[in-house]
Amino acid sequence: MKRDLVAIQGLSDAALVGLMDLADTLQRDLRAHARELGGFLMGSLFLEPSTRTRLSFEAAMARLGGRIITSADPATSSAVKGETLSDTVRIVGSYVDLVVLRHPAAGAARWAARHASGPVINAGDGAHEHPTQTLCDLYALRRERGRLEGLTVMLYGDLRYGRTTHSLARALVRMGCSIIAVAEDDLELPDFIVSDLVRRPGCVARHIVVDDMEDVFHRRDVRAMAIGPDNMVPSGGESVDEARPFSLKDSAVDAIYVTRLQAERGAGASRALPILDHRFLTSQPFKETIVLHPLPRVTEIAAEIDSDPRAAYFRQAALGVPIRMALLMWASGVYDLPLETAPLYEPESVSGYRCENLSCITRHRTEDVPEEVARSRGDVPRCQWCEEEAGPA
Amino acid sequence: MKRDLVAIQGLSDAALVGLMDLADTLQRDLRAHARELGGFLMGSLFLEPSTRTRLSFEAAMARLGGRIITSADPATSSAVKGETLSDTVRIVGSYVDLVVLRHPAAGAARWAARHASGPVINAGDGAHEHPTQTLCDLYALRRERGRLEGLTVMLYGDLRYGRTTHSLARALVRMGCSIIAVAEDDLELPDFIVSDLVRRPGCVARHIVVDDMEDVFHRRDVRAMAIGPDNMVPSGGESVDEARPFSLKDSAVDAIYVTRLQAERGAGASRALPILDHRFLTSQPFKETIVLHPLPRVTEIAAEIDSDPRAAYFRQAALGVPIRMALLMWASGVYDLPLETAPLYEPESVSGYRCENLSCITRHRTEDVPEEVARSRGDVPRCQWCEEEAGPA
Amino acid sequence: MKRDLVAIQGLSDAALVGLMDLADTLQRDLRAHARELGGFLMGSLFLEPSTRTRLSFEAAMARLGGRIITSADPATSSAVKGETLSDTVRIVGSYVDLVVLRHPAAGAARWAARHASGPVINAGDGAHEHPTQTLCDLYALRRERGRLEGLTVMLYGDLRYGRTTHSLARALVRMGCSIIAVAEDDLELPDFIVSDLVRRPGCVARHIVVDDMEDVFHRRDVRAMAIGPDNMVPSGGESVDEARPFSLKDSAVDAIYVTRLQAERGAGASRALPILDHRFLTSQPFKETIVLHPLPRVTEIAAEIDSDPRAAYFRQAALGVPIRMALLMWASGVYDLPLETAPLYEPESVSGYRCENLSCITRHRTEDVPEEVARSRGDVPRCQWCEEEAGPA
């Protein structure tokens with residue numbers, strides 16, 4: 001079977017751990033692996049600009065001794081001549097051994113994977129998934145903390161529109177972490193994510209009131225929810241109204257994951273997120289907290305904490321290379337992982353529904369992607385491509 | 001002598017066969033040749049965007065273990081600072097071992113080859129030539145059919161403005177194929193191409209009437225011409241009026257080469273070409289016909305035949321890599337071919353004429369290219385750069 | 001210590017010579033060094049377009065067997081998302097072993113070097129420095145003339161706004177050359193450069209009148225200044241009014257370094273520089289003179305002298321590769337040079353001053369660079385980043 005990576009859910013828990021273990025070995029000396037993928041050729045197909053992600057993938061491939069061909073400028077790509085993604089991927093896919101794809105439409109990676117002869121790795125498909133960012137986030141957390149199970153991770157910032165936050169939340173729950181999600185009113189973790197998370201056996205979600213909120217966050221307008229194994233999550237309420245008071249000060253937060261306001265994906269552009277600065281980090285619960293951020297940051301982390309040893313975001317960015325090296329070794333077939341891939345949604349097609357996501361690949365101007373809606377056990381009908389809830393046809 | 005490839009005519013028949021033979025060897029295991037061009041450096045100079053061609057060349061060089069430096073964005077190139085192509089090629093040419101050049105002006109490759117210290121390979125110069133596309137087309141035909149001599153190839157679509165069709169027609173006749181050119185009234189193969197083709201000893205061109213046209217093409221508004229060795233071409237007439245009826249149904253078409261409407265090179269943009277679809281391929285003469293297309297396609301081939309085993313265009317695109325590998329090995333001097341290059345036009349300069357092609361490199365704003373018009377035996381005076389017929393000075 | 005190259009002054013005289021000696025060895029067979037930097041990875045970060053410089057660096061790295069990741073399109077870079085240069089350099093710097101940086105703001109390279117974990121090589125930072133161009137110019141002069149000490153070099157053209165001319169003038173004086181600077185009235189070498197040059201022990205600067213100016217330059221509107229060791233410089237005057245007549249005809253000019261009008265950096269765009277052509281080179285003092293130019297040229301050198309053996313500018317461009325190879329070997333730590341780096345300005349901070357250069361990195365919209373003004377012995381207060389004279393705060 002082709003070793004695609006479309007979504008983080010395509011990797012089993014054991015595979016996630018296996019990739020991080022391999023990355024640990026690789027990162028000890030990044031220059032020592034220049035023969036691992038000698039003779040392999042990667043196609044770096046960025047149909048939407050994302051310099052950082054592209055450079056990280058290309059650095060990973062170069063470190064492994066592989067070669068790279070790059071198409072990074074959407075304005076000069078074949079799509080401009082009206083070519084479909086499926087044609088592009090079939091053709092460029094036939095030149096190379098594997099394709100790394102970035103695309104503005106949700107579901108594009110799954111559609112591309114169906115047409116390429118070799119593996120396709122999703123480097124971000126619209127608001128849908130960016131699985132290697134999640135791998136990097138998770139791996140950074142494990143390296144900084146030495147383990148994942150039992151950690152308490154605070155998600156802070158724009159939790160509504162931040163794709164990376166959604167994927168990370170899912171991965172954290174799978175790895176046995178508990179989450180404290182803190183956000184302003186209309187930037188909270190969406191309901192569909194929360195209901196996904198609690199479907200995992202033993203995982204609960206409770207609204208809580210941080211009663212020392214002003215001491216901790218220096219503001220009063222944020223809401224909190226705790227998600228994780230029953231015994232790790234403070235008692236709270238099912239709904240916001242039932243939320244129970246809880247003192248963060250008695251708690252230890254192992255990491256705080258900050259995200260920028262996703263202005264380009266719909267959040268109000270004129271609004272500023274609170275700034276994480278020295279004062280913030282002096283609060284009791286953050287004394288030992290490492291700070292993670294998928295970067296680029298805008299203003300949500302003050303430059304003054306860059307030199308603080310708890311500021312881990314630049315170390316985190318650097319780890320994008322070894323974890324992608326591990327992924328490329330697996331995808332290229334030179335390294336095996338325990339996969340036991342369980343598809344998130346069973347292939348039970350349902351009719352009478354249609355995808356309503358205007359950013360889905362099924363709506364993309366150049367494509368003619370068949371709409372397919374399916375429902376897995378107990379779940380709502382979802383588009384097979386972008387995985388958004390479908391509406392009545 | 002420098003091993004430039006400016007036009008397909010620069011390669012002898014034996015050299016064409018030699019390249020295809022070498023490509024056959026290379027494509028058996030594309031990953032097995034990573035030492036062939038170790039230490040060689042290719043300059044990939046795309047002064048007009050063409051992602052597909054660029055990636056195919058770069059994949060070929062990477063597969064051979066060579067290195068690549070790329071300038072793919074015309075907007076950031078030195079030409080913007082007012083530098084001439086000749087200066088660019090002299091300078092970048094001095095950094096590398098060979099240059100692959102794409103340029104919007106006809107004749108640019110020949111002009112560049114005169115100034116570069118190393119070989120220049122033409123990756124498309126305006127409406128003039130795109131010889132490696134022709135190599136790829138020819139090679140795909142040979143691989144699909146096992147041979148070239150004696151094949152019947154139908155050219156279908158925009159035969160007037162399609163540069164690749166013109167070059168392929170010339171190459172097919174040289175390889176002993178016969179051609180059936182089918183097109184709408186004003187998209188027919190231009191006279192100057194036909195008169196070139198029949199200059200080859202034993203080659204004739206005849207207008208024919210396909211009397212089962214409606215059965216075969218499901219339309220009545222196309223015209224046909226047959227070109228090839230006298231014994232392979234059905235009897236017909238010298239002019240359209242003398243065209244004689246001929247039943248395609250009794251014929252076997254080995255391949256059909258479809259091209260898109262070259263909107264950007266002048267053909268009416270609003271008009272749609274007929275669509276090659278399942279119904280088309282059920283006609284008797286196409287039962288065993290493979291379908292080729294230089295890609296990208298727009299609408300002229302229906303997606304429904306992509307999975308038909310006769311649809312060979314994606315296999316064709318993939319073969320662009322091994323045939324370019326073969327070419328790069330020859331150009332780099334590590335592999336020899338029987339060349340006996342016979343220049344198409346003898347260097348007999350004539351005065352009193354000037355090039356009238358507004359897209360010729362002699363008219364390009366940054367250049368100061370001397371106009372040179374020459375005539376070869378029995379031929380009309382032509383521009384030495386773009387090879388278009390010259391007019392009175 | 002990190003092996004950055006921010007400015008040509010960061011390399012001692014012995015280091016300059018050492019790099020040129022190494023380049024001499026490397027250029028004998030450019031294809032023979034593909035193992036020198038195997039396993040090394042270079043980040044080619046061009047936040048301002050400069051195709052030629054980028055290709056030269058990338059060719060150098062490729063020739064040494066190293067790998068490259070490239071960000072060459074400012075429009076798709078992370079800076080567009082509002083990321084600061086310091087963040088970009090910290091992140092991309094963590095992916096690679098060394099960074100080559102081009103940036104539109106003066107002082108950007110020094111600022112970047114402070115944040116990258118590995119070496120940063122300045123590939124041009126605004127009007128401040130472009131040290132590898134100077135290395136290339138110097139190296140070309142040495143290869144063409146066989147030595148540097150005692151040479152007489154004429155600088156001709158736009159001496160006021162040409163960054164490369166300023167750096168070269170400094171390097172020439174350090175290497176024991178004498179300079180004859182010839183320019184129109186308002187394109188003369190700026191005073192601050194001249195006062196820098198004569199600070200070197202034994203170096204003097206004198207205004208001279210070339211009394212055979214019309215014979216030599218075919219014009220009368222240029223001014224001349226001679227700079228160099230006392231015994232090599234003709235007697236002249238301190239000020240323009242005291243300039244004494246001097247016959248160039250009795251002199252031998254070893255090289256003439258021509259620069260184009262730096263329209264984009266402020267010089268009057270509508271004005272044309274005189275053209276260096278055959279007639280120019282027939283003058284007695286230029287009989288044996290080689291012609292250098294940093295390229296691209298616009299009209300200041302006529303194409304008719306390209307084939308003259310004295311036209312050395314294309315050979316000069318080609319030498320950009322071996323000299324950058326030498327530099328990359330040093331920066332990567334596989335080759336040692338006698339450094340004894342003497343910082344140009346001692347780190348004696350002064351207050352009451354501020355940088356007034358609107359193109360300085362301290363003014364760049366995305367950055368928050370601390371203003372730092374310092375004064376070295378006997379010098380005026382200067383910005384630590386762009387090295388321009390500071391003004392009162």
# chains A, B, ... in the order shown; residues from 1 in each chain; ligands from 1
$ closest_atom_pairs --of "chain C" --to "chain B" --cutoff "6 Å" --atoms "only C-alpha atoms" --output "Markdown table"
| residue | atom | partner | partner_atom | distance |
| --- | --- | --- | --- | --- |
| C:Arg31 | CA | B:Gly39 | CA | 5.2 |
| C:Ala34 | CA | B:Gly39 | CA | 5.9 |
| C:Pro49 | CA | B:Thr76 | CA | 5.4 |
| C:Thr51 | CA | B:Ser77 | CA | 5.5 |
| C:Ala318 | CA | B:Ser94 | CA | 5.2 |
$ select_by_dssp --residues "region 144-245 of chain B" --states "helix (DSSP H, G or I)" --output "tab-separated table (two decimals) with C-alpha atoms, in the first residue's frame"
chain	number	residue	atom	x	y	z
B	144	GLU	CA	3.92	1.96	-26.86
B	145	ARG	CA	4.17	0.41	-30.31
B	163	ARG	CA	4.59	23.96	-32.33
B	164	THR	CA	4.89	20.44	-30.95
B	165	THR	CA	2.76	19.06	-33.78
B	166	HIS	CA	4.98	20.63	-36.42
B	167	SER	CA	8.15	19.22	-34.92
B	168	LEU	CA	6.59	15.82	-34.40
B	169	ALA	CA	5.34	15.68	-37.99
B	170	ARG	CA	8.88	16.27	-39.22
B	171	ALA	CA	10.28	13.62	-36.91
B	172	LEU	CA	7.61	11.05	-37.83
B	173	VAL	CA	8.35	11.37	-41.52
B	174	ARG	CA	12.06	10.97	-40.83
B	185	ASP	CA	-10.71	24.25	-41.84
B	186	ASP	CA	-8.49	26.93	-40.41
B	187	LEU	CA	-6.52	24.75	-38.02
B	191	ASP	CA	1.60	24.70	-46.13
B	192	PHE	CA	5.20	25.44	-45.22
B	193	ILE	CA	5.30	22.36	-43.01
B	194	VAL	CA	3.76	20.15	-45.67
B	195	SER	CA	6.17	21.37	-48.30
B	196	ASP	CA	9.04	20.68	-45.93
B	197	LEU	CA	7.84	17.16	-45.32
B	213	MET	CA	-16.17	10.78	-41.36
B	214	GLU	CA	-19.41	11.04	-39.45
B	215	ASP	CA	-19.13	7.46	-38.21
B	216	VAL	CA	-15.57	7.98	-37.13
B	217	PHE	CA	-15.40	11.57	-35.91
B	230	ASP	CA	4.09	6.70	-51.36
B	231	ASN	CA	3.00	3.10	-50.77
B	232	MET	CA	1.53	3.85	-47.32
B	240	VAL	CA	-8.48	20.04	-51.57
B	241	ASP	CA	-10.80	20.00	-54.59
B	242	GLU	CA	-9.20	16.87	-55.95
$ select_by_dssp --residues "region 42-229 of chain C" --states "strand (DSSP E or B)" --output "number ranges by chain"
C: 42-46, 67-71, 98-103, 106, 120-125, 129, 152-157, 178-184, 203-210, 222-229
$ closest_residue --among "B:Ser235, B:Gln133, B:Ser86, B:Ser44" --to "Gly320 (chain B)" --atoms "only C-alpha atoms"
B:Gln133
$ atom_distance --atom1 "CA of Pro229 (chain C)" --atom2 "CA of Met175 (chain C)"
10.7 Å
$ residues_around --residues "region 274-286 of chain A" --least-positions-apart "6" --cutoff "7 Å" --atoms "only C-alpha atoms" --output "CSV table (one decimal) with C-alpha atoms, in the first residue's frame"
chain,number,residue,atom,x,y,z
A,216,VAL,CA,-2.9,34.2,35.9
A,217,PHE,CA,-3.9,35.8,32.7
A,248,LEU,CA,-5.0,27.1,38.1
A,249,LYS,CA,-2.5,28.0,40.7
A,251,SER,CA,-1.9,23.1,38.9
A,252,ALA,CA,1.3,22.6,36.9
A,253,VAL,CA,1.1,23.4,33.2
A,299,THR,CA,2.6,40.0,18.2
A,300,GLU,CA,1.3,37.3,20.4
A,301,ILE,CA,4.6,36.4,21.9
A,302,ALA,CA,6.8,39.3,23.1
A,304,GLU,CA,11.5,39.8,25.4
A,305,ILE,CA,11.0,36.2,26.3
$ closest_residue --among "A:Arg324, A:Arg147, A:His128, A:Arg310" --to "Gln384 (chain A)" --atoms "only C-alpha atoms"
A:His128
$ atom_distance --atom1 "CA of Gly65 (chain A)" --atom2 "CA of Gly333 (chain C)"
20.5 Å
$ atom_distance --atom1 "CA of Gly352 (chain B)" --atom2 "CA of Ala393 (chain B)"
5.1 Å
$ residues_around --residues "Ala255 (chain B)" --least-positions-apart "4" --cutoff "7 Å" --atoms "only C-alpha atoms" --output "MDAnalysis selection string"
chainID B and resid 152:154 289:291
$ write_last_selection --atoms "N, CA and C atoms" --output "PDB file, in the first residue's frame"
ATOM      1  N   THR B 152       1.138   4.258 -38.577  1.00  0.00           N
ATOM      2  CA  THR B 152       0.243   5.316 -39.042  1.00  0.00           C
ATOM      3  C   THR B 152      -0.197   6.142 -37.841  1.00  0.00           C
ATOM      4  N   VAL B 153       0.111   7.428 -37.881  1.00  0.00           N
ATOM      5  CA  VAL B 153      -0.176   8.305 -36.753  1.00  0.00           C
ATOM      6  C   VAL B 153      -1.146   9.393 -37.191  1.00  0.00           C
ATOM      7  N   MET B 154      -2.253   9.503 -36.465  1.00  0.00           N
ATOM      8  CA  MET B 154      -3.181  10.575 -36.764  1.00  0.00           C
ATOM      9  C   MET B 154      -2.872  11.782 -35.883  1.00  0.00           C
ATOM     10  N   THR B 289      -5.923   1.912 -31.059  1.00  0.00           N
ATOM     11  CA  THR B 289      -5.140   3.144 -31.159  1.00  0.00           C
ATOM     12  C   THR B 289      -4.725   3.653 -29.782  1.00  0.00           C
ATOM     13  N   ILE B 290      -3.471   3.992 -29.611  1.00  0.00           N
ATOM     14  CA  ILE B 290      -3.084   4.649 -28.357  1.00  0.00           C
ATOM     15  C   ILE B 290      -3.255   6.159 -28.529  1.00  0.00           C
ATOM     16  N   VAL B 291      -3.573   6.805 -27.415  1.00  0.00           N
ATOM     17  CA  VAL B 291      -3.815   8.245 -27.446  1.00  0.00           C
ATOM     18  C   VAL B 291      -2.644   8.969 -26.792  1.00  0.00           C
TER      19      VAL B 291
END
$ decode --residues "region 298-330 of chain A" --atoms "N, CA and C atoms" --output "PDB file, in the first residue's frame"
ATOM      1  N   VAL A 298       3.120  36.819  15.210  1.00  0.00           N
ATOM      2  CA  VAL A 298       3.027  38.218  14.819  1.00  0.00           C
ATOM      3  C   VAL A 298       3.350  39.028  16.078  1.00  0.00           C
ATOM      4  N   THR A 299       2.356  39.213  16.945  1.00  0.00           N
ATOM      5  CA  THR A 299       2.642  39.981  18.161  1.00  0.00           C
ATOM      6  C   THR A 299       2.280  39.189  19.415  1.00  0.00           C
ATOM      7  N   GLU A 300       1.817  37.962  19.249  1.00  0.00           N
ATOM      8  CA  GLU A 300       1.258  37.256  20.399  1.00  0.00           C
ATOM      9  C   GLU A 300       2.306  36.714  21.370  1.00  0.00           C
ATOM     10  N   ILE A 301       3.544  36.726  20.981  1.00  0.00           N
ATOM     11  CA  ILE A 301       4.620  36.406  21.926  1.00  0.00           C
ATOM     12  C   ILE A 301       5.619  37.560  21.868  1.00  0.00           C
ATOM     13  N   ALA A 302       5.881  38.159  23.022  1.00  0.00           N
ATOM     14  CA  ALA A 302       6.793  39.295  23.055  1.00  0.00           C
ATOM     15  C   ALA A 302       8.231  38.839  22.846  1.00  0.00           C
ATOM     16  N   ALA A 303       8.989  39.635  22.092  1.00  0.00           N
ATOM     17  CA  ALA A 303      10.381  39.286  21.824  1.00  0.00           C
ATOM     18  C   ALA A 303      11.191  39.175  23.100  1.00  0.00           C
ATOM     19  N   GLU A 304      10.739  39.828  24.181  1.00  0.00           N
ATOM     20  CA  GLU A 304      11.525  39.836  25.417  1.00  0.00           C
ATOM     21  C   GLU A 304      11.681  38.452  26.037  1.00  0.00           C
ATOM     22  N   ILE A 305      10.794  37.495  25.680  1.00  0.00           N
ATOM     23  CA  ILE A 305      10.979  36.168  26.278  1.00  0.00           C
ATOM     24  C   ILE A 305      11.755  35.208  25.380  1.00  0.00           C
ATOM     25  N   ASP A 306      12.204  35.704  24.224  1.00  0.00           N
ATOM     26  CA  ASP A 306      12.949  34.820  23.317  1.00  0.00           C
ATOM     27  C   ASP A 306      14.147  34.174  24.010  1.00  0.00           C
ATOM     28  N   SER A 307      14.790  34.926  24.881  1.00  0.00           N
ATOM     29  CA  SER A 307      15.992  34.398  25.523  1.00  0.00           C
ATOM     30  C   SER A 307      15.687  33.629  26.810  1.00  0.00           C
ATOM     31  N   ASP A 308      14.430  33.571  27.209  1.00  0.00           N
ATOM     32  CA  ASP A 308      14.029  32.796  28.383  1.00  0.00           C
ATOM     33  C   ASP A 308      14.171  31.305  28.052  1.00  0.00           C
ATOM     34  N   PRO A 309      14.748  30.510  28.938  1.00  0.00           N
ATOM     35  CA  PRO A 309      14.904  29.086  28.608  1.00  0.00           C
ATOM     36  C   PRO A 309      13.572  28.367  28.385  1.00  0.00           C
ATOM     37  N   ARG A 310      12.480  28.922  28.922  1.00  0.00           N
ATOM     38  CA  ARG A 310      11.182  28.278  28.689  1.00  0.00           C
ATOM     39  C   ARG A 310      10.643  28.517  27.278  1.00  0.00           C
ATOM     40  N   ALA A 311      11.178  29.524  26.611  1.00  0.00           N
ATOM     41  CA  ALA A 311      10.741  29.797  25.229  1.00  0.00           C
ATOM     42  C   ALA A 311      11.298  28.705  24.325  1.00  0.00           C
ATOM     43  N   ALA A 312      10.456  27.776  23.929  1.00  0.00           N
ATOM     44  CA  ALA A 312      10.925  26.590  23.187  1.00  0.00           C
ATOM     45  C   ALA A 312      10.581  26.650  21.707  1.00  0.00           C
ATOM     46  N   TYR A 313       9.982  27.746  21.265  1.00  0.00           N
ATOM     47  CA  TYR A 313       9.445  27.744  19.893  1.00  0.00           C
ATOM     48  C   TYR A 313      10.498  27.694  18.792  1.00  0.00           C
ATOM     49  N   PHE A 314      11.665  28.253  19.054  1.00  0.00           N
ATOM     50  CA  PHE A 314      12.693  28.131  18.010  1.00  0.00           C
ATOM     51  C   PHE A 314      13.296  26.721  18.003  1.00  0.00           C
ATOM     52  N   ARG A 315      13.452  26.132  19.179  1.00  0.00           N
ATOM     53  CA  ARG A 315      13.896  24.731  19.226  1.00  0.00           C
ATOM     54  C   ARG A 315      12.866  23.830  18.533  1.00  0.00           C
ATOM     55  N   GLN A 316      11.597  24.168  18.782  1.00  0.00           N
ATOM     56  CA  GLN A 316      10.493  23.429  18.149  1.00  0.00           C
ATOM     57  C   GLN A 316      10.588  23.496  16.618  1.00  0.00           C
ATOM     58  N   ALA A 317      10.804  24.697  16.085  1.00  0.00           N
ATOM     59  CA  ALA A 317      10.905  24.855  14.630  1.00  0.00           C
ATOM     60  C   ALA A 317      12.044  24.006  14.073  1.00  0.00           C
ATOM     61  N   ALA A 318      13.172  23.998  14.781  1.00  0.00           N
ATOM     62  CA  ALA A 318      14.332  23.232  14.315  1.00  0.00           C
ATOM     63  C   ALA A 318      14.007  21.744  14.241  1.00  0.00           C
ATOM     64  N   LEU A 319      13.156  21.253  15.155  1.00  0.00           N
ATOM     65  CA  LEU A 319      12.823  19.831  15.177  1.00  0.00           C
ATOM     66  C   LEU A 319      11.938  19.422  14.005  1.00  0.00           C
ATOM     67  N   GLY A 320      11.413  20.417  13.272  1.00  0.00           N
ATOM     68  CA  GLY A 320      10.670  20.094  12.060  1.00  0.00           C
ATOM     69  C   GLY A 320      11.509  19.317  11.066  1.00  0.00           C
ATOM     70  N   VAL A 321      12.822  19.538  11.079  1.00  0.00           N
ATOM     71  CA  VAL A 321      13.679  18.825  10.121  1.00  0.00           C
ATOM     72  C   VAL A 321      13.828  17.341  10.495  1.00  0.00           C
ATOM     73  N   PRO A 322      14.291  16.984  11.703  1.00  0.00           N
ATOM     74  CA  PRO A 322      14.440  15.542  11.978  1.00  0.00           C
ATOM     75  C   PRO A 322      13.121  14.766  11.937  1.00  0.00           C
ATOM     76  N   ILE A 323      12.012  15.375  12.370  1.00  0.00           N
ATOM     77  CA  ILE A 323      10.758  14.601  12.337  1.00  0.00           C
ATOM     78  C   ILE A 323      10.307  14.397  10.888  1.00  0.00           C
ATOM     79  N   ARG A 324      10.575  15.385  10.031  1.00  0.00           N
ATOM     80  CA  ARG A 324      10.236  15.190   8.608  1.00  0.00           C
ATOM     81  C   ARG A 324      11.213  14.208   7.953  1.00  0.00           C
ATOM     82  N   MET A 325      12.459  14.208   8.410  1.00  0.00           N
ATOM     83  CA  MET A 325      13.393  13.189   7.909  1.00  0.00           C
ATOM     84  C   MET A 325      12.837  11.788   8.211  1.00  0.00           C
ATOM     85  N   ALA A 326      12.367  11.608   9.443  1.00  0.00           N
ATOM     86  CA  ALA A 326      11.816  10.308   9.833  1.00  0.00           C
ATOM     87  C   ALA A 326      10.631   9.956   8.934  1.00  0.00           C
ATOM     88  N   LEU A 327       9.772  10.927   8.712  1.00  0.00           N
ATOM     89  CA  LEU A 327       8.590  10.694   7.885  1.00  0.00           C
ATOM     90  C   LEU A 327       8.979  10.315   6.458  1.00  0.00           C
ATOM     91  N   LEU A 328       9.960  11.034   5.908  1.00  0.00           N
ATOM     92  CA  LEU A 328      10.380  10.768   4.529  1.00  0.00           C
ATOM     93  C   LEU A 328      11.002   9.372   4.412  1.00  0.00           C
ATOM     94  N   MET A 329      11.725   8.953   5.464  1.00  0.00           N
ATOM     95  CA  MET A 329      12.310   7.607   5.419  1.00  0.00           C
ATOM     96  C   MET A 329      11.207   6.551   5.405  1.00  0.00           C
ATOM     97  N   TRP A 330      10.158   6.801   6.192  1.00  0.00           N
ATOM     98  CA  TRP A 330       9.034   5.856   6.180  1.00  0.00           C
ATOM     99  C   TRP A 330       8.318   5.877   4.825  1.00  0.00           C
TER     100      TRP A 330
END
